[in-house]
Amino acid sequence: MLDTLAQQLLLGLTNGMVFALIALGYTMVYGILEFINFAHGDVFMLSGFFALTLVGALGLQDAQGFALFAQLALVLVLASGFGALVNLLIDRLVYKPLRKAPKLAPLVSAIGVSFVLQNIGLIWGALPLDVFGGGGQPAAPKSFPALLPTDNLLGDAALTLQLKDVLVIGASLAVMTALFLLVTRTKLGMAMRATAQDPQAARLMGVDVDRVVAATFLVGGGLAGFAAVVYALYINTVYYQMGYQNGLYAFTAAVVGGIGNIPGAVLGGLLLGLVRAFSDQFIGAQWQPAVLFGILIVLLVFRPSGLLGSTAREKV
Amino acid sequence: MLVVESIRAAHGAIEVLHGISLRVQAGEIVTLIGANGAGKTTTLTCISGLHKPKAGRIAFEGKDLLPLPAHQIVTCGIAHCPEGRRVFPRLSVAENLALGAYTRSDKDEIRRDLDKIYGLFPVLLERRSQLAGTLSGGEQQMLAVGRAMMIRPRLLLLDEPSLGLAPLIVQRIFDVILELNRQGTTILLVEQNARMALKIASRAYVLETGSVIAEGTGAELLADPKVQAAYLGDG
Ligand SMILES: Nc1ncnc2c1ncn2[C@@H]1O[C@H](COP(=O)(O)OP(=O)(O)OP(=O)(O)O)[C@@H](O)[C@H]1O
Ligand SMILES: [Mg+2]
């Protein structure tokens, strides 16, 4: 029993890390623009395709030892960069021209972008590459090779702890710490927080708000790209709709944590991952969405602005 | 130093400034008075670049400001302490002040200016790690003025710094404005408290529904019966 609990705790944590990484991108953009980037989950998905393509090109499935870890690190960095650039590109091409338009315009555009990205995912998956199984079935899940050894680090213990668990949790924590330092300790981070609270006043301090927005999309997209590799390593598949489902969960996590609030997104993501794992184990996987969203709705009834969201809008 | 020439500005379809002209010489305290809705705030936002006029010219030290976005106007040497304080509520007092120095990189001088502001407003030093949103109104106003000072501007635009404050704090803010001016900062001050503003002003403009209807030295306007009747409340 205790082992089952610990196992589900571990599963919930690792899944929660992925939700948290994606949720950060939703929440940071929302914090600055009060805009929900519905295409964010699909940036995550495209980054997954990018990572898988890279894995194939590098022949990573056959690599071992130091070469494997070095190249895996490279894939992580490049996929993050890819996600960052795609996110920035979307903002510059689609959202930026609509910045002064009524709020529904960018929202609807984001939904449109989401579909466009999913189609790009389908086209990408149709490429005649070995990693895509020749590209014959674009919509089918593509298997992402199990790059990491799967043996139990704890030896014969009933609790299974694999290297990928350690890696997922460790790397996610490292990235979140870096983000935290960026936001609290650097000039850019301070400009981000100021812009989120009062963009006009930030401009009066000499902050180039447009650059802050660009930086926010870059960071959010980078986190999504990073999350995609983590997810692919963990779940071992990549498919064109993975952004839709995980994006929805991550967005929910951001709302539960308090949209616009950075620690809130992490908290919401972990909570969602844990609830999901325990509900799958003890209630049944078929009830997952009902249990999950049921709990979240109740939570939001009592804390409408989320766990860490400010209860009142402070506008002086 | 600052030349504003026949600017027209609109909010949406409604024109609210109908060709305002004014000048500020280096070293002056110039005040802008007028009833609610006269266009004082809009005039200041046009100068700082938050709002772009439809026509006219604004030049600072010979440089045309109209094509510049607000964040670049700051680096020209103009700071705007906006109406309603607008401190960053969920940043600490110290972080708010640090944002004032956002465009600067002269670390030692920033340190010195910070000490100076804490000297002028000791309460800010006491509360430096408190969130700005939890300060009292008067403290927030001091923070807003301090934050603008951290920009180390040559021209400081102040929009109703005394609004809603107790007389003692108003006096304190006005003392600081005078002190800043003595140390070389040129001031353009918008005030409801016309009497106090005119007393410290070298020159003043009176704004009415988007036009300048009178100008003169502070003393002249204080003595003007029409100004007395309309703005000083003692006809
Ligand atoms: N954002 C806005 N949208 C529409 N109209 C506006 C806006 N801001 C100001 N106005 C209008 O422009 C006119 C001038 O406003 P402004 O704020 O410049 O006046 P003010 O002299 O600063 O007044 P107060 O003393 O009340 O601060 C007013 O008629 C006001 O209703
Ligand atoms: Mg005003």
# chains A, B, ... in the order shown; residues from 1 in each chain; ligands from 1
call {"tool": "select_by_dssp", "arguments": {"residues": "range 8-47 of chain B", "states": "helix (DSSP H, G or I)", "output": "ChimeraX atom specification"}}
result
/B:40-47
call {"tool": "interface_residues", "arguments": {"of": "chain A", "to": "chain B", "cutoff": "12 Å", "atoms": "only C-alpha atoms", "output": "PyMOL selection string"}}
result
chain A and resi 183-211+261+310+312-316
call {"tool": "residues_near_ligand", "arguments": {"ligand": "ligand 1", "cutoff": "8 Å", "atoms": "only C-alpha atoms and all ligand atoms", "output": "list in words"}}
result
Ala10, His11, Gly12, Ile14, Glu15, Val16, Leu17, Ile33, Gly34, Ala35, Asn36, Gly37, Ala38, Gly39, Lys40, Thr41, Thr42, Thr43, Glu83, Asp159, Glu160, Glu191, Gln192, Leu207, Thr209 and Gly210 of chain B
call {"tool": "residues_around", "arguments": {"residues": "range 132-148 of chain A", "least_positions_apart": "2", "cutoff": "7 Å", "atoms": "only C-alpha atoms", "output": "PDB file with N, CA and C atoms, in the first residue's frame"}}
result
ATOM      1  N   LEU A  52      11.739  14.865 -32.000  1.00  0.00           N
ATOM      2  CA  LEU A  52      11.798  13.512 -32.557  1.00  0.00           C
ATOM      3  C   LEU A  52      12.591  13.505 -33.869  1.00  0.00           C
ATOM      4  N   GLN A  61      18.844   7.040 -31.007  1.00  0.00           N
ATOM      5  CA  GLN A  61      18.341   5.767 -30.467  1.00  0.00           C
ATOM      6  C   GLN A  61      19.467   4.744 -30.303  1.00  0.00           C
ATOM      7  N   LEU A 122       0.433  17.519 -38.489  1.00  0.00           N
ATOM      8  CA  LEU A 122       0.035  16.412 -39.365  1.00  0.00           C
ATOM      9  C   LEU A 122       0.959  16.312 -40.578  1.00  0.00           C
ATOM     10  N   ILE A 123       1.253  17.472 -41.164  1.00  0.00           N
ATOM     11  CA  ILE A 123       2.125  17.480 -42.347  1.00  0.00           C
ATOM     12  C   ILE A 123       3.519  16.981 -41.960  1.00  0.00           C
ATOM     13  N   GLY A 125       4.285  15.020 -39.531  1.00  0.00           N
ATOM     14  CA  GLY A 125       4.240  13.582 -39.272  1.00  0.00           C
ATOM     15  C   GLY A 125       4.130  12.744 -40.547  1.00  0.00           C
ATOM     16  N   ALA A 126       3.826  13.418 -41.670  1.00  0.00           N
ATOM     17  CA  ALA A 126       3.709  12.692 -42.935  1.00  0.00           C
ATOM     18  C   ALA A 126       5.044  12.637 -43.673  1.00  0.00           C
ATOM     19  N   LEU A 127       6.051  13.280 -43.106  1.00  0.00           N
ATOM     20  CA  LEU A 127       7.364  13.254 -43.762  1.00  0.00           C
ATOM     21  C   LEU A 127       7.895  11.826 -43.762  1.00  0.00           C
ATOM     22  N   PRO A 128       8.504  11.434 -44.864  1.00  0.00           N
ATOM     23  CA  PRO A 128       8.968  10.052 -44.976  1.00  0.00           C
ATOM     24  C   PRO A 128      10.254   9.794 -44.178  1.00  0.00           C
ATOM     25  N   LEU A 129      10.161   9.882 -42.887  1.00  0.00           N
ATOM     26  CA  LEU A 129      11.332   9.652 -42.037  1.00  0.00           C
ATOM     27  C   LEU A 129      11.148   8.354 -41.267  1.00  0.00           C
ATOM     28  N   ASP A 130      12.262   7.726 -40.934  1.00  0.00           N
ATOM     29  CA  ASP A 130      12.194   6.484 -40.170  1.00  0.00           C
ATOM     30  C   ASP A 130      11.486   6.694 -38.828  1.00  0.00           C
ATOM     31  N   THR A 150      15.929   1.687 -18.395  1.00  0.00           N
ATOM     32  CA  THR A 150      14.687   1.613 -17.625  1.00  0.00           C
ATOM     33  C   THR A 150      14.844   0.833 -16.324  1.00  0.00           C
ATOM     34  N   LEU A 163      15.793   6.211 -14.126  1.00  0.00           N
ATOM     35  CA  LEU A 163      16.635   7.374 -14.400  1.00  0.00           C
ATOM     36  C   LEU A 163      15.806   8.512 -14.981  1.00  0.00           C
ATOM     37  N   LYS A 164      14.810   8.154 -15.827  1.00  0.00           N
ATOM     38  CA  LYS A 164      14.022   9.224 -16.457  1.00  0.00           C
ATOM     39  C   LYS A 164      13.211  10.005 -15.418  1.00  0.00           C
ATOM     40  N   ALA A 232       8.160  13.642 -24.043  1.00  0.00           N
ATOM     41  CA  ALA A 232       8.449  12.584 -25.012  1.00  0.00           C
ATOM     42  C   ALA A 232       9.345  11.508 -24.395  1.00  0.00           C
ATOM     43  N   LEU A 233      10.306  11.944 -23.602  1.00  0.00           N
ATOM     44  CA  LEU A 233      11.192  10.993 -22.925  1.00  0.00           C
ATOM     45  C   LEU A 233      10.402  10.122 -21.971  1.00  0.00           C
ATOM     46  N   ASN A 236       7.061   8.554 -24.228  1.00  0.00           N
ATOM     47  CA  ASN A 236       7.548   7.826 -25.404  1.00  0.00           C
ATOM     48  C   ASN A 236       6.651   7.891 -26.627  1.00  0.00           C
ATOM     49  N   THR A 237       5.807   8.910 -26.702  1.00  0.00           N
ATOM     50  CA  THR A 237       5.113   9.131 -27.970  1.00  0.00           C
ATOM     51  C   THR A 237       5.019  10.619 -28.242  1.00  0.00           C
ATOM     52  N   VAL A 238       4.802  10.899 -29.511  1.00  0.00           N
ATOM     53  CA  VAL A 238       4.583  12.261 -29.975  1.00  0.00           C
ATOM     54  C   VAL A 238       3.441  12.155 -30.971  1.00  0.00           C
ATOM     55  N   TYR A 239       2.433  12.969 -30.845  1.00  0.00           N
ATOM     56  CA  TYR A 239       1.349  12.943 -31.829  1.00  0.00           C
ATOM     57  C   TYR A 239       0.733  14.334 -31.941  1.00  0.00           C
ATOM     58  N   TYR A 240       0.009  14.525 -33.063  1.00  0.00           N
ATOM     59  CA  TYR A 240      -0.354  15.898 -33.411  1.00  0.00           C
ATOM     60  C   TYR A 240      -1.382  16.500 -32.453  1.00  0.00           C
TER      61      TYR A 240
END
call {"tool": "residues_around", "arguments": {"residues": "Ala110 in chain A", "least_positions_apart": "5", "cutoff": "6 Å", "atoms": "only C-alpha atoms", "output": "PyMOL selection string"}}
result
chain A and resi 37-39
call {"tool": "closest_residue", "arguments": {"among": "B:Ala223, B:Ser202, B:Val190, B:Ile213", "to": "ligand 2", "atoms": "only C-alpha atoms and all ligand atoms"}}
result
B:Val190
call {"tool": "closest_residue", "arguments": {"among": "B:Val170, B:Val24, B:Leu198, B:Leu158", "to": "ligand 2", "atoms": "only C-alpha atoms and all ligand atoms"}}
result
B:Leu158
call {"tool": "residues_around", "arguments": {"residues": "Ala166 in chain B", "least_positions_apart": "3", "cutoff": "12 Å", "atoms": "only C-alpha atoms", "output": "MDAnalysis selection string"}}
result
chainID B and resid 136:139 141 161:163 169:173
call {"tool": "write_last_selection", "arguments": {"atoms": "C-alpha atoms", "output": "PDB file, in the first residue's frame"}}
result
ATOM      1  CA  SER B 136      -0.867  54.677   2.559  1.00  0.00           C
ATOM      2  CA  GLY B 137      -1.897  57.166  -0.100  1.00  0.00           C
ATOM      3  CA  GLY B 138       0.626  59.733   1.021  1.00  0.00           C
ATOM      4  CA  GLU B 139       3.417  57.190   1.174  1.00  0.00           C
ATOM      5  CA  GLN B 141       2.735  59.572  -3.554  1.00  0.00           C
ATOM      6  CA  PRO B 161       1.048  65.214  -6.575  1.00  0.00           C
ATOM      7  CA  SER B 162      -1.074  66.600  -3.738  1.00  0.00           C
ATOM      8  CA  LEU B 163      -4.326  64.878  -4.665  1.00  0.00           C
ATOM      9  CA  ILE B 169       2.035  65.779   3.535  1.00  0.00           C
ATOM     10  CA  VAL B 170       1.100  68.216   0.775  1.00  0.00           C
ATOM     11  CA  GLN B 171       3.493  70.695   2.355  1.00  0.00           C
ATOM     12  CA  ARG B 172       6.183  68.029   2.492  1.00  0.00           C
ATOM     13  CA  ILE B 173       5.740  67.205  -1.216  1.00  0.00           C
TER      14      ILE B 173
END
call {"tool": "closest_residue", "arguments": {"among": "A:Leu274, A:Leu10, A:Met1, A:Ala228", "to": "Leu161 in chain A", "atoms": "only C-alpha atoms"}}
result
A:Leu10
